[in-house]
Amino acid sequence: MMDQGKISFIENSNYMKVIQLWPRYMTLLLLALVLWQCEGRREAEATEEITVDTAETEDTVRVVKTGNTAEEELEEFRQWLNRQADKGDTAIRREWPRVRDELRERNAALERSFDSLSTKSQKEYRELQARYKRWEERQERRQERPLATDKITEWQQQLLGEYASLKSIQPENIREAYLTFMGVVRAKKRNWTQDDWDYVDYVYSQLNQRRRQLEGKLRTADNLKIRSLQAEYLALEGAADTQTMLRAEE
C-alpha cells in the first residue's frame, strides 16, 4: 500500500495539472460556444433569407398571376377596345394593321382562358366580342371606302345640332351634347342604312374624343349620365348591326 505522503503528492500533482489545463479547457469551451452561436446565427439568417425569398417569390407569382387572370384580361380587353373605339377615323386608318393584329391577339388570349371566367364574365366577353367584331368589320370597310368629308359635316350637324362644332362643347354643356346626340339616334335609328351608321359611329367617336379631352373637368353626375348614354348607344348600334346582318342572310 502507498503511504499517506505519496498519495498526497499524487493528488497534489493531479490538482496542479487540472489547474494548468483549466484555461485551455475554458478557451476551447468558449471557442465552441462562439462557433455554435455563429452557426446558429447563420442558420437563422439562412432561414430568414429563405423566408423572405419565398415571400417575395409568392408575391411575384401572385402579382404575375393577378396580372394574367382571365378576369383581369377581360377588364384590360374592355378598356383597350374602348380606347380604340374612341379614336378618330384618321388615327384608326393610320394604326389599323397594328390595332387589328393586337385585337386578334387579345381575343385569342381570352379564348384560351375562357373557361376560367365566371358565367357573368363569359357572357360579357361574348357581348364584347360580338360588338368589336362589328367594329372591326366597320373599320375594314372604312379602309376600303373612307368617309366623305362633306357628309361628315352634314351628319355632325344633324346629330349634334348646336354642338356640331366640337370646340363649343365644354364641361358645362357636354351632357346636353350627348343628350342631343342620343335623342336623334333614338328617333331616326330605324331609317338608317349600314353606311349611315358608319357616319353616326364616326360622330359618336368624335364626341367621345371631346369627352376625353375634358375628362378631368367633368362633374361626377355628368360623367355617370354620359356613361349610361354611351351604353345605350352601343346597345342600339349592336341591334342595328344584327338586323343588317339578318337582312343580308335572307
# chains A, B, ... in the order shown; residues from 1 in each chain; ligands from 1

$ closest_atom_pairs --of "segment 94-205 of chain A" --to "segment 210-228 of chain A" --cutoff "12 Å" --atoms "only C-alpha atoms" --output "tab-separated table"
residue	atom	partner	partner_atom	distance
A:Tyr163	CA	A:Arg210	CA	11.3
A:Ala164	CA	A:Arg210	CA	11.7
A:Ser165	CA	A:Arg210	CA	10.6
A:Leu166	CA	A:Arg210	CA	6.9
A:Lys167	CA	A:Arg210	CA	8.0
A:Ser168	CA	A:Arg210	CA	10.0
A:Ile169	CA	A:Arg210	CA	7.6
A:Gln170	CA	A:Leu214	CA	7.3
A:Pro171	CA	A:Leu218	CA	5.4
A:Glu172	CA	A:Leu218	CA	7.8
A:Asn173	CA	A:Asp222	CA	9.4
A:Ile174	CA	A:Arg211	CA	7.4
A:Arg175	CA	A:Asp222	CA	5.9
A:Glu176	CA	A:Asp222	CA	9.4
A:Ala177	CA	A:Ile226	CA	9.6
A:Tyr178	CA	A:Ile226	CA	6.7
A:Leu179	CA	A:Ile226	CA	8.3
A:Thr180	CA	A:Ile226	CA	11.5
A:Phe181	CA	A:Ile226	CA	11.0
A:Met182	CA	A:Ile226	CA	10.2
A:Val203	CA	A:Arg210	CA	10.7
A:Tyr204	CA	A:Arg210	CA	10.0
A:Ser205	CA	A:Arg210	CA	8.7

$ write_last_selection --atoms "C-alpha atoms" --output "mmCIF file, in the first residue's frame"
data_model
loop_
_atom_site.group_PDB
_atom_site.id
_atom_site.type_symbol
_atom_site.label_atom_id
_atom_site.label_comp_id
_atom_site.auth_asym_id
_atom_site.auth_seq_id
_atom_site.Cartn_x
_atom_site.Cartn_y
_atom_site.Cartn_z
ATOM 1 C CA TYR A 163 -72.975 71.373 -80.595
ATOM 2 C CA ALA A 164 -71.847 70.430 -84.127
ATOM 3 C CA SER A 165 -68.666 72.427 -83.601
ATOM 4 C CA LEU A 166 -66.854 70.153 -81.154
ATOM 5 C CA LYS A 167 -64.805 73.026 -79.753
ATOM 6 C CA SER A 168 -68.027 74.577 -78.494
ATOM 7 C CA ILE A 169 -68.549 71.568 -76.227
ATOM 8 C CA GLN A 170 -67.337 72.391 -72.722
ATOM 9 C CA PRO A 171 -67.648 70.717 -69.304
ATOM 10 C CA GLU A 172 -70.830 72.640 -68.567
ATOM 11 C CA ASN A 173 -72.653 71.541 -71.752
ATOM 12 C CA ILE A 174 -71.154 68.175 -72.748
ATOM 13 C CA ARG A 175 -74.011 66.334 -71.047
ATOM 14 C CA GLU A 176 -76.503 68.229 -73.244
ATOM 15 C CA ALA A 177 -74.400 67.389 -76.307
ATOM 16 C CA TYR A 178 -74.712 63.655 -75.554
ATOM 17 C CA LEU A 179 -78.426 64.033 -74.840
ATOM 18 C CA THR A 180 -78.893 65.792 -78.191
ATOM 19 C CA PHE A 181 -76.947 63.083 -79.995
ATOM 20 C CA MET A 182 -78.886 60.250 -78.364
ATOM 21 C CA VAL A 203 -69.639 61.371 -84.991
ATOM 22 C CA TYR A 204 -70.010 59.315 -81.818
ATOM 23 C CA SER A 205 -66.262 58.650 -81.737
#

$ closest_residue --among "A:Arg83, A:Asp198, A:Gln230, A:Val99" --to "Ile152 of chain A" --atoms "only C-alpha atoms"
A:Asp198

$ closest_residue --among "A:Ala148, A:Ala187, A:Ala108, A:Leu229" --to "Tyr199 of chain A" --atoms "only C-alpha atoms"
A:Ala148

$ residues_around --residues "Trp80 of chain A" --least-positions-apart "2" --cutoff "12 Å" --atoms "only C-alpha atoms" --output "list in words"
Glu73, Leu74, Glu75, Glu76, Phe77, Arg78, Asn82, Arg83, Gln84, Ala85, Asp86, Lys87, Val99, Arg100, Glu102, Leu103, Arg106, Asn107, Leu128 and Tyr132 of chain A

$ atom_distance --atom1 "atom CA of Glu144 of chain A" --atom2 "atom CA of Gln206 of chain A"
20.5 Å

$ closest_residue --among "A:Gln143, A:Leu207, A:Glu72, A:Leu117" --to "Arg94 of chain A" --atoms "only C-alpha atoms"
A:Gln143

$ residues_around --residues "Arg142 of chain A" --least-positions-apart "2" --cutoff "12 Å" --atoms "only C-alpha atoms" --output "PDB file with N, CA and C atoms, in the first residue's frame"
ATOM      1  N   GLY A  88     -60.331  58.698 -83.529  1.00  0.00           N
ATOM      2  CA  GLY A  88     -60.901  59.239 -84.751  1.00  0.00           C
ATOM      3  C   GLY A  88     -60.552  58.392 -85.961  1.00  0.00           C
ATOM      4  N   ASP A  89     -61.216  58.684 -87.068  1.00  0.00           N
ATOM      5  CA  ASP A  89     -61.027  57.902 -88.284  1.00  0.00           C
ATOM      6  C   ASP A  89     -59.592  57.959 -88.783  1.00  0.00           C
ATOM      7  N   THR A  90     -58.980  59.139 -88.719  1.00  0.00           N
ATOM      8  CA  THR A  90     -57.617  59.291 -89.222  1.00  0.00           C
ATOM      9  C   THR A  90     -56.639  58.442 -88.416  1.00  0.00           C
ATOM     10  N   ILE A  92     -57.315  55.779 -86.591  1.00  0.00           N
ATOM     11  CA  ILE A  92     -57.585  54.365 -86.821  1.00  0.00           C
ATOM     12  C   ILE A  92     -56.996  53.916 -88.153  1.00  0.00           C
ATOM     13  N   ARG A  93     -57.164  54.732 -89.174  1.00  0.00           N
ATOM     14  CA  ARG A  93     -56.656  54.374 -90.501  1.00  0.00           C
ATOM     15  C   ARG A  93     -55.135  54.252 -90.459  1.00  0.00           C
ATOM     16  N   ARG A  94     -54.494  55.162 -89.747  1.00  0.00           N
ATOM     17  CA  ARG A  94     -53.034  55.144 -89.656  1.00  0.00           C
ATOM     18  C   ARG A  94     -52.533  53.926 -88.875  1.00  0.00           C
ATOM     19  N   TRP A  96     -54.351  51.068 -88.212  1.00  0.00           N
ATOM     20  CA  TRP A  96     -55.238  49.926 -88.334  1.00  0.00           C
ATOM     21  C   TRP A  96     -54.546  48.552 -88.379  1.00  0.00           C
ATOM     22  N   TRP A 135     -67.246  46.195 -85.018  1.00  0.00           N
ATOM     23  CA  TRP A 135     -66.382  47.369 -85.103  1.00  0.00           C
ATOM     24  C   TRP A 135     -65.241  47.106 -86.071  1.00  0.00           C
ATOM     25  N   GLU A 136     -64.660  45.911 -86.006  1.00  0.00           N
ATOM     26  CA  GLU A 136     -63.566  45.559 -86.918  1.00  0.00           C
ATOM     27  C   GLU A 136     -64.060  45.565 -88.365  1.00  0.00           C
ATOM     28  N   GLU A 137     -65.238  44.997 -88.588  1.00  0.00           N
ATOM     29  CA  GLU A 137     -65.789  44.982 -89.951  1.00  0.00           C
ATOM     30  C   GLU A 137     -66.008  46.400 -90.459  1.00  0.00           C
ATOM     31  N   ARG A 138     -66.478  47.277 -89.576  1.00  0.00           N
ATOM     32  CA  ARG A 138     -66.706  48.672 -89.968  1.00  0.00           C
ATOM     33  C   ARG A 138     -65.380  49.354 -90.325  1.00  0.00           C
ATOM     34  N   GLN A 139     -64.337  49.076 -89.526  1.00  0.00           N
ATOM     35  CA  GLN A 139     -63.037  49.673 -89.825  1.00  0.00           C
ATOM     36  C   GLN A 139     -62.476  49.163 -91.139  1.00  0.00           C
ATOM     37  N   GLU A 140     -62.678  47.882 -91.408  1.00  0.00           N
ATOM     38  CA  GLU A 140     -62.214  47.323 -92.682  1.00  0.00           C
ATOM     39  C   GLU A 140     -62.931  48.015 -93.847  1.00  0.00           C
ATOM     40  N   GLU A 144     -61.344  50.584 -97.026  1.00  0.00           N
ATOM     41  CA  GLU A 144     -61.633  50.441 -98.455  1.00  0.00           C
ATOM     42  C   GLU A 144     -62.391  51.646 -99.012  1.00  0.00           C
ATOM     43  N   ARG A 145     -63.266  52.232 -98.158  1.00  0.00           N
ATOM     44  CA  ARG A 145     -64.126  53.317 -98.628  1.00  0.00           C
ATOM     45  C   ARG A 145     -64.214  54.381 -97.536  1.00  0.00           C
ATOM     46  N   PRO A 146     -63.240  55.292 -97.493  1.00  0.00           N
ATOM     47  CA  PRO A 146     -63.220  56.327 -96.442  1.00  0.00           C
ATOM     48  C   PRO A 146     -64.481  57.183 -96.472  1.00  0.00           C
ATOM     49  N   LEU A 147     -64.819  57.705 -95.325  1.00  0.00           N
ATOM     50  CA  LEU A 147     -65.997  58.567 -95.222  1.00  0.00           C
ATOM     51  C   LEU A 147     -65.749  59.882 -95.953  1.00  0.00           C
ATOM     52  N   ALA A 148     -66.807  60.408 -96.533  1.00  0.00           N
ATOM     53  CA  ALA A 148     -66.708  61.673 -97.269  1.00  0.00           C
ATOM     54  C   ALA A 148     -66.759  62.850 -96.298  1.00  0.00           C
ATOM     55  N   GLN A 194     -76.603  50.763 -93.285  1.00  0.00           N
ATOM     56  CA  GLN A 194     -75.300  50.461 -92.696  1.00  0.00           C
ATOM     57  C   GLN A 194     -74.312  51.593 -92.942  1.00  0.00           C
ATOM     58  N   ASP A 195     -74.366  52.176 -94.134  1.00  0.00           N
ATOM     59  CA  ASP A 195     -73.486  53.313 -94.436  1.00  0.00           C
ATOM     60  C   ASP A 195     -73.807  54.498 -93.523  1.00  0.00           C
ATOM     61  N   TRP A 197     -74.980  54.335 -90.518  1.00  0.00           N
ATOM     62  CA  TRP A 197     -74.442  54.025 -89.194  1.00  0.00           C
ATOM     63  C   TRP A 197     -72.940  54.267 -89.125  1.00  0.00           C
ATOM     64  N   ASP A 198     -72.250  54.102 -90.242  1.00  0.00           N
ATOM     65  CA  ASP A 198     -70.815  54.397 -90.251  1.00  0.00           C
ATOM     66  C   ASP A 198     -70.564  55.867 -89.924  1.00  0.00           C
ATOM     67  N   TYR A 199     -71.389  56.746 -90.482  1.00  0.00           N
ATOM     68  CA  TYR A 199     -71.245  58.174 -90.194  1.00  0.00           C
ATOM     69  C   TYR A 199     -71.671  58.488 -88.754  1.00  0.00           C
ATOM     70  N   ASP A 201     -71.507  56.494 -86.249  1.00  0.00           N
ATOM     71  CA  ASP A 201     -70.457  55.988 -85.372  1.00  0.00           C
ATOM     72  C   ASP A 201     -69.233  56.901 -85.373  1.00  0.00           C
ATOM     73  N   TYR A 202     -68.963  57.490 -86.527  1.00  0.00           N
ATOM     74  CA  TYR A 202     -67.841  58.423 -86.602  1.00  0.00           C
ATOM     75  C   TYR A 202     -68.108  59.645 -85.722  1.00  0.00           C
TER      76      TYR A 202
END
